[in-house]
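A.B. asks: My questions will all concern the structure given below.
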Amino acid sequence: MRPFELVAITPPFTAEPGVALAASRAGGLGLLDLEHVHDPELARRAVTRLAAGRPARTGLKLAARDAELVAELCRGLPAGCRTVVLTGLATGAA
């Protein structure tokens, strides 16, 4: 077992999977950050590009605000994509 896990997250707002694919090729976990992508078609294209890279280990970072898009993207994940990080909006002070 490794002493630590390498996780690399793509820059926000870009919908470009390059960093995630590079991390996967290096043996780490690469996350495609789509949290701030509000265009569903852009998100779909980014996941398609991620899948085309045939990654060994990747995942997505998604905003939970659009449950339908989250469900759609999760149904179409490539085989190596087994991690999904869901972020949410704060609903009030604790």
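Going by the structure tokens order, chains are called A, B, ..., each with residues numbered from 1, while ligands are numbered from 1 in the order shown.
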Can you pull out the residues contacting range 9-13 of chain A? Cut-off 10 Å, using only C-alpha atoms, and skip same-chain residues under 6 positions away; I want them as a count of residues only.
C.D. replies: 18
A.B. asks: Need to verify the contact set: range 52-56 of chain A, 10 Å, only C-alpha atoms, exclusion of same-chain residues closer than 2 positions in sequence. Can you return it as a short mmCIF file (atom, residue, chain, number, x, y, z; two decimals) with C-alpha atoms, in the first residue's frame?
C.D. replies:
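Saved as around_26.cif:
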data_model
loop_
_atom_site.label_atom_id
_atom_site.label_comp_id
_atom_site.auth_asym_id
_atom_site.auth_seq_id
_atom_site.Cartn_x
_atom_site.Cartn_y
_atom_site.Cartn_z
CA PRO A 17 -9.54 17.16 -18.47
CA GLY A 18 -5.79 17.38 -19.20
CA ALA A 20 -6.93 14.72 -14.56
CA LEU A 21 -5.65 12.54 -17.38
CA ALA A 22 -2.01 13.32 -16.56
CA ALA A 23 -2.57 12.44 -12.90
CA SER A 24 -4.19 9.16 -13.91
CA ARG A 25 -1.26 8.30 -16.19
CA ALA A 26 1.11 9.02 -13.30
CA GLY A 27 -0.72 6.55 -11.06
CA GLY A 28 -2.78 9.05 -9.10
CA LEU A 29 -6.41 10.06 -9.06
CA GLY A 30 -7.34 12.86 -11.44
CA ALA A 46 -15.61 17.49 -20.98
CA VAL A 47 -16.64 14.04 -19.69
CA THR A 48 -16.49 12.69 -23.26
CA ARG A 49 -12.92 14.04 -23.61
CA LEU A 50 -12.03 12.51 -20.24
CA THR A 58 -10.29 9.53 -12.56
CA GLY A 59 -13.32 11.16 -11.06
CA PRO A 78 -15.94 5.76 -18.20
CA ALA A 79 -14.88 2.51 -16.50
CA GLY A 80 -11.88 4.10 -14.75
CA CYS A 81 -13.98 6.89 -13.27
CA ARG A 82 -15.06 5.67 -9.85
#
A.B. asks: Taking the DSSP assignment computed from this structure's backbone, write out as number ranges by chain all residues of range 34-69 of chain A that belong to strand (DSSP E).
C.D. replies: A: 58-63
A.B. asks: Mind giving me the straight-line distance from CA of Glu41 in chain A to CA of Ala8 in chain A in Å, one decimal?
C.D. replies: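 Here the two named atoms are 23.6 Å from each other.
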A.B. asks: Please determine, counting only C-alpha atoms, which residue among A:Val7, A:Val85, A:Ala51, A:Pro40 has the shortest atom-to-atom distance to Asp66 in chain A.
C.D. replies: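 Closest residue, counting only C-alpha atoms: A:Pro40.
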A.B. asks: Just list as a PyMOL selection string whatever in range 9-87 of chain A DSSP marks as helix (DSSP H, G or I).
C.D. replies: chain A and resi 18-25+40-52+67-75
